[in-house]
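Working notes for the structure below.
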Amino acid sequence: MKIIILGAGQVGSSVAANLASEANDITVVDVDRKLLLNLQDKLDIRTVYGHASYPDVLLRAGAEDADMILAVTNSDETNMMACQVAYSLFRTPTKVARIRSREYLGFKKLFGNEAIPVDVMISPEQVIIDYVQKLIAHPGALQVLDFADGLLQLVAVKAYYGGPLVGQTLSALPDHMPNVETRVAAIFRKGTPIIPEGDTVIEADDEVFFIAARNDIRTVMGELRRQDKPNKRIIIAGGGNIGKGLAQALENDYNVKLIDHNTRRSKQISEELDKTIVLHADAADEELLLEENIASTDVFCAVTNDDEANILSCMLAKRLGARKVLALINRASYVDLVESGDIDIAVSPHQAMIGSLLAHVRRGDVAAVHSLRRGAAEAIEAVAHGDSRSSKVVGRSIEDIKLPPGTNIGAIVRGSEVIMAHHDTVIEAEDHVILFLIDKRRVGEVEKLFQVGVTFL
Amino acid sequence: MQLFVIQRILGLLLMLFSFSMLPPVLVSWFYSENAMLPFISAFLVTFVTGTVCWLPVRQHRADLRIRDGFVVVVMFWTVLALFGALPFLLSAQPSISITDSVFESMSGLTTTGATVIAGLDALPRSVLYYRQQLQWLGGMGIIVLAVAVLPMLGIGGMQLYRAETPGPMKDNKLTPRITETAKALWYIYLALTVACGLAYWAAGMTGFDALSHAFSTVAIGGFSTHDLSMGYFNDQPLIEIVAIVFMFLSGINFALHFLAWRSRSSKYYFADTEFKVYAAILLLASLLTVSYLYWTSTFDTVGETILRGVFQTISIGTTAGFTVSEYHAWPGFLPIMLLMMSFIGGCAGSTGGGMKVIRVVMLMKQGGREILRLVHPSAQIPVKVGGKALSDRVVEAVWGFFSLYVASFCLLSLIMVATGLDFVTAFSAVAACMNNLGPGLGDVGMNYTSVSDVGKWVLCFAMLLGRLEIFTLLVLLTPAFWRK
């Protein structure tokens, strides 16, 4: 696939790195020569220097035969303009733009080929906000991912001593929860994946990925660990776009406090938020945290743009008694460093975001892709098309489908009905199939599986 | 200070005002009452005075400064009250002193509705009509009217407009041009008056009463053509209901009426914090009043209890000041509670008096903020109304307003007690006048005839203070204002 990425910032470069490893032809455009040089040194990509929305720059980047344009510069307007140019001059098939301002997102009519030709809008801040919001709604979960518009969720939890299912085989699952349909998609034990079989025993400290309907998630989690109390009191450190958006999303359901150290910014946020208490202070100020009752705080989220500050304030909050701490960490190497220690959840913005992009890069009809375990594993929601002659999946039962090793089918969504995968479940056309890949390198084989044969045409 | 410019505008406004003495002449002619002469002479005196003021300085055209605006507004209201008193003074009936005439005129223009005339039913209709008309002119603000009809006031119009309109935030123009804003306000005012008059008429009033009461209802004034006020129509519940509805409507910010009318939808009302609080206060107070009246069996029937209770609550709460029964003799805490409600008054930008609902809302929120600050010392807590943060400037101004309001109230009450009134009468008279309410408690429950002359002048000052919302008047009394 030929992809042009406009903007070599944090998002642009991490997307480039992620996609370059999948045999795509990537061209990155930016106005910063140094960034481009750095990127070109590290990755197998082409770079073009210039302003992202100028037609001649896009032409030089190969817009004429590009399959996809990914506008992720830091200016919404440049991104939209670039998509417009790509559409008007080069008829680029897929145009993805990063649009941060909610002001634009409120008007659906604004986007479309007859208006501003943006096919997919991504807002990294919004993705992270949704991600963290789901984690807070499911106390104890390490990751919560939506499929089929939220009908079905994939949840990662750490199994604890004392959970009723810990020490049991997976085949005992239905006995424990007779009314709940769930599938364990994968188990990671000390970082190595285990393909779940009927006789696999769940041990304490296993990272268990399971799929269930949204309403059943809490029940299943209760079987794997002692039931966590619902979160109520939340402190957010950092009043940037993410912090503010998070407070906005949470303030109606939780008791939210937000800490920011900038006078002007904290004043501004306090005016925009309704129920959140905005504190003008340093998030790593022990006195302040104690005064604001950190000991009875359920979740402390550090979401400033400074990795080190996030990590340190989280460690301090944990030390002072916060029940759960969550840090936003950009640098991949830090994530591994801290997650085994004091910090309960490290959220990597790029990992959270890349999934929403991958869905559009994947061949075949893919509705959602979620990158798991820092990109090593992947969960895919693929749509089956065709019939038993043209497709390799439609009309076959699950045991007959030749899945690549390390891949399993967790569930199927048919219309609005959720069906947990059994070995004899037959896949029909237009089913959404949720697959779990322990090894991302097999993604090409899965793509092929869901591509419709030529005879279908 | 640009004295000549002020003089020119004053002259113009006075000439304009003189024409308001002509309609009573028509009324007098229509009812063949032979009471035309006082009005014609008052018209001539006012018009000539205005012309004499204006003629020598008519070439002095300059933009009004902020200071000039204050002077014009205060001077104008004072001069207007004096000239407006002429017809009362000149008429054979009522035969009242200068003090009483000015009091009556001031009470009319400031939409207070306190009267010193007993025996209204016997007065000529032209005089009765004139009283009602004074209230109507004062309701929306005669200067707003002048801004609307006299574009020659030009850019300076905003200064005058700001000094006269009630409410803490006065820079919200409804339309880009001030003249258009003033016109829009007067159109709404006029429409409400016409609707109210027709409704009264349909409910059973005579044409004259309907027009007269429409004037004083929409202006939230409280003058009536009968000694018994609205109590005169006690056997016609429909009339009271019409009055309730229009007093309620007139107590709403006219900007909301304007937006609702322009967009043909009522969503603006329910999105407005001030309106919601205003409606909630009146509703709760009505409930309380009705239940207490019922509990003490003040009235014979349930229907009467509800009607009288709600009417009186709305009438006092919006500071109209109509009465249907001797509310000052109601049992227990009710008279005091109602009088206290008049401190809250109507919404900003309405014709109602008092401190205005929005200021009370801000004061409450500011109080809440101080409490929250004790719990979270480092928190940033804005004072928000309707989801929008207020600048500290506005909040400070509201506190300043409140403190001056209370201080003026206390001072004036003391003076009133010093003139020989009893405690309750003095306090309630000052409250009723400052809030532009009208009837007080005690001796001033029905009318103000028993107050001494000095007391009446003090109350005139209180009415003006309330109508011009303290600052506009008090700023003229500060040395800093007059320093060159």
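Residues in the structure tokens are numbered from 1 in each chain, the chains being A, B, ... in the order shown, and ligands are numbered from 1 in the order shown.
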All residues 7 Å or closer to Met247 of chain B, only C-alpha atoms, same chain fewer than 2 positions away omitted, as a PyMOL selection string:
chain B and resi 217-218+220+243-245+249-251+315+318
Just to be explicit: take each residue in the selection above, keep N, CA and C atoms, and write the result as a compact mmCIF listing (two decimals), in the first residue's frame.
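What follows is the written file result34.txt:
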```
# COMPACT_ATOMS: atom_id res chain seq x y z
N THR B 217 -49.49 47.69 34.65
CA THR B 217 -49.10 46.28 34.83
C THR B 217 -47.81 45.99 34.10
N VAL B 218 -47.76 46.35 32.80
CA VAL B 218 -46.58 46.01 32.01
C VAL B 218 -45.36 46.82 32.48
N ILE B 220 -44.80 47.29 35.47
CA ILE B 220 -44.61 46.82 36.84
C ILE B 220 -44.65 48.03 37.78
N ALA B 243 -53.70 39.73 35.21
CA ALA B 243 -52.68 40.55 35.86
C ALA B 243 -51.48 39.70 36.25
N ILE B 244 -51.76 38.50 36.81
CA ILE B 244 -50.67 37.61 37.22
C ILE B 244 -49.77 37.30 36.03
N VAL B 245 -50.42 36.91 34.91
CA VAL B 245 -49.66 36.52 33.72
C VAL B 245 -48.79 37.68 33.24
N LEU B 249 -44.74 38.13 33.00
CA LEU B 249 -44.05 38.34 31.73
C LEU B 249 -43.19 39.60 31.75
N SER B 250 -43.71 40.65 32.38
CA SER B 250 -42.97 41.92 32.37
C SER B 250 -41.77 41.88 33.30
N GLY B 251 -41.77 40.94 34.22
CA GLY B 251 -40.63 40.81 35.13
C GLY B 251 -39.48 40.04 34.51
N SER B 315 -47.32 39.95 42.59
CA SER B 315 -47.39 41.41 42.56
C SER B 315 -46.27 42.02 43.40
N THR B 318 -42.56 40.73 41.94
CA THR B 318 -42.04 41.43 40.76
C THR B 318 -41.93 42.93 41.02
```
Could you write out as a ChimeraX atom specification the residues of chain B within 12 Å of chain A, counting only C-alpha atoms?
/B:369,372-392
So that I can check the surroundings of Thr407 of chain A, please list as a list in words every protein, DNA and RNA residue that reaches within 7 Å of it, counting only C-alpha atoms and ignoring chain neighbours fewer than 2 positions away.
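Selected residues are Leu403, Pro404, Pro405, Leu435, Phe436, Leu437 and Ile438 of chain A.
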Nearest to Lys448 of chain A: which of A:Asp56, A:Ala61, A:Asn408, A:Ala382 is it, counting only C-alpha atoms?
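Among the listed residues, the smallest separation from Lys448 of chain A belongs to A:Ala382.
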Within 8 Å of Leu437 of chain B using only C-alpha atoms, minus same-chain residues under 6 positions, as a VMD selection string:
chain B and resid 111 to 114 221 to 222 316 319 to 321 342 353 to 354 431
Let me see the file: selected residues, N, CA and C atoms, as a compact mmCIF listing (two decimals), in the first residue's frame.
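Below you can see selection30.txt, which holds the result:
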```txt
# COMPACT_ATOMS: atom_id res chain seq x y z
N THR B 111 -41.95 53.90 38.49
CA THR B 111 -42.81 52.71 38.56
C THR B 111 -42.91 52.16 39.97
N THR B 112 -42.83 53.05 40.94
CA THR B 112 -42.96 52.57 42.32
C THR B 112 -44.42 52.26 42.63
N GLY B 113 -45.27 53.24 42.40
CA GLY B 113 -46.69 52.99 42.62
C GLY B 113 -47.15 53.33 44.02
N ALA B 114 -46.30 54.08 44.76
CA ALA B 114 -46.75 54.54 46.07
C ALA B 114 -47.55 55.82 45.83
N GLY B 221 -45.66 48.85 37.58
CA GLY B 221 -45.77 50.07 38.38
C GLY B 221 -46.59 49.85 39.63
N GLY B 222 -47.89 49.72 39.46
CA GLY B 222 -48.72 49.47 40.63
C GLY B 222 -49.76 50.54 40.87
N ILE B 316 -46.03 41.47 44.57
CA ILE B 316 -44.96 42.01 45.42
C ILE B 316 -43.60 41.51 44.93
N THR B 319 -42.32 43.38 42.20
CA THR B 319 -42.33 44.78 42.62
C THR B 319 -43.38 45.63 41.92
N ALA B 320 -44.44 44.98 41.42
CA ALA B 320 -45.53 45.77 40.83
C ALA B 320 -46.23 46.54 41.94
N GLY B 321 -46.71 45.83 42.93
CA GLY B 321 -47.31 46.52 44.07
C GLY B 321 -48.81 46.71 43.99
N SER B 342 -39.33 41.55 47.52
CA SER B 342 -39.23 42.69 46.62
C SER B 342 -37.78 43.16 46.51
N GLY B 353 -38.44 46.23 39.61
CA GLY B 353 -37.46 46.90 40.44
C GLY B 353 -36.67 45.93 41.28
N GLY B 354 -36.22 46.38 42.44
CA GLY B 354 -35.45 45.53 43.34
C GLY B 354 -34.00 45.43 42.89
N ALA B 431 -38.01 50.36 52.04
CA ALA B 431 -37.87 49.17 51.21
C ALA B 431 -38.80 49.27 50.01
```
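Using only C-alpha atoms, the shortest contact distance between Phe402 of chain B and any of B:Glu469, B:Glu240, B:Glu274, B:Asp453 is found at B:Glu469.
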Can you pull out every residue within 10 Å of Val395 of chain B, counting only C-alpha atoms, but drop anything in the same chain fewer than 6 positions away, and send it as an mmCIF file with N, CA and C atoms, in the first residue's frame?
```cif
data_model
loop_
_atom_site.group_PDB
_atom_site.id
_atom_site.type_symbol
_atom_site.label_atom_id
_atom_site.label_comp_id
_atom_site.auth_asym_id
_atom_site.auth_seq_id
_atom_site.Cartn_x
_atom_site.Cartn_y
_atom_site.Cartn_z
ATOM 1 N N PRO B 168 -26.723 44.069 35.995
ATOM 2 C CA PRO B 168 -25.287 44.196 36.192
ATOM 3 C C PRO B 168 -24.477 44.208 34.891
ATOM 4 N N ARG B 359 -28.472 39.497 40.084
ATOM 5 C CA ARG B 359 -27.495 39.914 41.095
ATOM 6 C C ARG B 359 -27.566 38.989 42.305
ATOM 7 N N MET B 362 -25.816 35.847 41.489
ATOM 8 C CA MET B 362 -24.356 36.023 41.551
ATOM 9 C C MET B 362 -23.869 36.084 42.989
ATOM 10 N N LEU B 363 -24.608 36.794 43.828
ATOM 11 C CA LEU B 363 -24.207 36.900 45.225
ATOM 12 C C LEU B 363 -24.177 35.525 45.875
ATOM 13 N N LYS B 365 -23.854 32.605 44.373
ATOM 14 C CA LYS B 365 -22.775 31.776 43.825
ATOM 15 C C LYS B 365 -21.433 32.215 44.384
ATOM 16 N N GLN B 366 -21.276 33.521 44.528
ATOM 17 C CA GLN B 366 -20.029 34.030 45.088
ATOM 18 C C GLN B 366 -19.873 33.544 46.524
ATOM 19 N N VAL B 383 -17.008 32.035 39.172
ATOM 20 C CA VAL B 383 -18.441 32.204 39.419
ATOM 21 C C VAL B 383 -19.125 32.094 38.071
ATOM 22 N N PHE B 401 -22.451 46.916 44.630
ATOM 23 C CA PHE B 401 -23.844 47.315 44.517
ATOM 24 C C PHE B 401 -24.623 46.890 45.751
#
```
Give me, as a list of chain:residue names, all polymer residues having an atom no more than 10 Å from Leu358 of chain A, counting only C-alpha atoms and skipping those fewer than 3 positions away in the same chain.
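Using only C-alpha atoms, the neighbours found are A:Val15, A:Asn18, A:Leu19, A:Met353, A:Ile354, A:Gly355, A:Val361, A:Arg362, A:Arg363, A:Val366, A:Ala367, A:Ala368, A:Val369, A:His370, A:Ser371, A:Ile380.
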Given the selection you just returned, output its residues as a file containing C-alpha atoms, formatted as a tab-separated table (two decimals), in the first residue's frame.
```tsv
chain	number	residue	atom	x	y	z
A	15	VAL	CA	2.49	5.68	12.70
A	18	ASN	CA	4.34	1.01	12.77
A	19	LEU	CA	3.28	0.87	9.14
A	353	MET	CA	-4.23	5.65	18.45
A	354	ILE	CA	-2.61	3.36	15.99
A	355	GLY	CA	-5.50	0.92	16.11
A	361	VAL	CA	-4.63	0.26	6.24
A	362	ARG	CA	-5.60	-3.38	6.45
A	363	ARG	CA	-6.62	-5.11	3.26
A	366	VAL	CA	-11.72	-4.60	8.50
A	367	ALA	CA	-13.99	-2.73	10.88
A	368	ALA	CA	-11.63	-2.34	13.81
A	369	VAL	CA	-8.08	-3.15	14.74
A	370	HIS	CA	-6.62	-2.92	18.21
A	371	SER	CA	-2.98	-3.15	18.85
A	380	ILE	CA	-9.06	-7.59	14.47
```
If we count only C-alpha atoms and set the cut-off at 9 Å, which residues sit around Ala284 of chain A, ignoring sequence neighbours fewer than 3 positions away in its own chain? Please answer as a JSON list (two decimals) with N, CA and C atoms, in the first residue's frame.
```json
[["chain", "number", "residue", "atom", "x", "y", "z"],
["A", 237, "ALA", "N", -3.93, 14.87, 36.77],
["A", 237, "ALA", "CA", -2.82, 15.82, 36.81],
["A", 237, "ALA", "C", -2.53, 16.23, 35.38],
["A", 281, "ALA", "N", -1.88, 24.19, 41.04],
["A", 281, "ALA", "CA", -0.79, 23.73, 41.88],
["A", 281, "ALA", "C", 0.10, 22.79, 41.09],
["A", 287, "GLU", "N", 2.21, 18.17, 49.85],
["A", 287, "GLU", "CA", 1.27, 18.86, 50.74],
["A", 287, "GLU", "C", -0.11, 18.96, 50.09],
["A", 288, "LEU", "N", -0.09, 19.40, 48.83],
["A", 288, "LEU", "CA", -1.35, 19.60, 48.13],
["A", 288, "LEU", "C", -2.10, 18.27, 47.99],
["A", 289, "LEU", "N", -1.36, 17.23, 47.60],
["A", 289, "LEU", "CA", -2.01, 15.94, 47.41],
["A", 289, "LEU", "C", -2.64, 15.46, 48.71],
["A", 309, "ALA", "N", 7.49, 13.62, 34.43],
["A", 309, "ALA", "CA", 6.59, 14.21, 35.44],
["A", 309, "ALA", "C", 5.42, 13.27, 35.71],
["A", 312, "LEU", "N", 6.73, 10.32, 37.85],
["A", 312, "LEU", "CA", 7.07, 10.68, 39.22],
["A", 312, "LEU", "C", 5.83, 11.04, 40.03],
["A", 313, "SER", "N", 4.92, 11.81, 39.42],
["A", 313, "SER", "CA", 3.74, 12.20, 40.21],
["A", 313, "SER", "C", 2.88, 10.97, 40.49],
["A", 314, "CYS", "N", 2.86, 10.03, 39.58],
["A", 314, "CYS", "CA", 2.10, 8.79, 39.81],
["A", 314, "CYS", "C", 2.72, 7.99, 40.96],
["A", 316, "LEU", "N", 4.49, 9.15, 43.39],
["A", 316, "LEU", "CA", 4.21, 9.87, 44.62],
["A", 316, "LEU", "C", 2.77, 9.62, 45.08],
["A", 317, "ALA", "N", 1.85, 9.70, 44.13],
["A", 317, "ALA", "CA", 0.44, 9.51, 44.48],
["A", 317, "ALA", "C", 0.22, 8.11, 45.02]]
```
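Counting from atom CA of Ser397 of chain A, the distance to atom CA of Ile427 of chain A is 6.2 Å.
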Can you measure atom CA of Ala159 of chain A to atom CA of His138 of chain A for me? One decimal in Å is fine.
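Separating atom CA of Ala159 of chain A from atom CA of His138 of chain A is a distance of 14.5 Å.
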Could you tell me, as a ChimeraX atom specification, which residues of segment 185-281 of chain A DSSP assigns to helix (DSSP H, G or I) when given the backbone?
/A:214-224,241-250,263-272
Got time to write the residues from that selection, C-alpha atoms, as a PDB file, in the first residue's frame?
```pdb
ATOM      1  CA  ARG A 214     -20.389  -5.326  27.347  1.00  0.00           C
ATOM      2  CA  ASN A 215     -22.822  -6.036  30.159  1.00  0.00           C
ATOM      3  CA  ASP A 216     -21.057  -9.232  31.203  1.00  0.00           C
ATOM      4  CA  ILE A 217     -17.609  -7.734  31.582  1.00  0.00           C
ATOM      5  CA  ARG A 218     -17.955  -7.011  35.282  1.00  0.00           C
ATOM      6  CA  THR A 219     -19.088 -10.542  36.084  1.00  0.00           C
ATOM      7  CA  VAL A 220     -16.173 -12.113  34.278  1.00  0.00           C
ATOM      8  CA  MET A 221     -13.682  -9.781  35.905  1.00  0.00           C
ATOM      9  CA  GLY A 222     -15.102 -10.679  39.283  1.00  0.00           C
ATOM     10  CA  GLU A 223     -14.200 -14.319  38.626  1.00  0.00           C
ATOM     11  CA  LEU A 224     -10.587 -13.530  37.871  1.00  0.00           C
ATOM     12  CA  ASN A 241      -6.247  18.898  25.872  1.00  0.00           C
ATOM     13  CA  ILE A 242      -6.272  15.355  27.224  1.00  0.00           C
ATOM     14  CA  GLY A 243      -6.648  16.342  30.868  1.00  0.00           C
ATOM     15  CA  LYS A 244      -9.414  18.783  30.131  1.00  0.00           C
ATOM     16  CA  GLY A 245     -11.228  16.422  27.780  1.00  0.00           C
ATOM     17  CA  LEU A 246     -10.942  13.615  30.306  1.00  0.00           C
ATOM     18  CA  ALA A 247     -12.357  15.789  33.073  1.00  0.00           C
ATOM     19  CA  GLN A 248     -15.171  16.801  30.778  1.00  0.00           C
ATOM     20  CA  ALA A 249     -15.985  13.193  29.972  1.00  0.00           C
ATOM     21  CA  LEU A 250     -15.812  12.069  33.590  1.00  0.00           C
ATOM     22  CA  THR A 263      -2.185  30.065  36.187  1.00  0.00           C
ATOM     23  CA  ARG A 264      -3.795  31.130  32.943  1.00  0.00           C
ATOM     24  CA  ARG A 265      -4.564  27.614  31.814  1.00  0.00           C
ATOM     25  CA  SER A 266      -6.064  26.527  35.124  1.00  0.00           C
ATOM     26  CA  LYS A 267      -8.285  29.580  35.161  1.00  0.00           C
ATOM     27  CA  GLN A 268      -9.380  28.930  31.627  1.00  0.00           C
ATOM     28  CA  ILE A 269     -10.168  25.273  32.308  1.00  0.00           C
ATOM     29  CA  SER A 270     -12.071  26.112  35.458  1.00  0.00           C
ATOM     30  CA  GLU A 271     -14.326  28.292  33.364  1.00  0.00           C
ATOM     31  CA  GLU A 272     -14.935  25.597  30.785  1.00  0.00           C
TER      32      GLU A 272
END
```
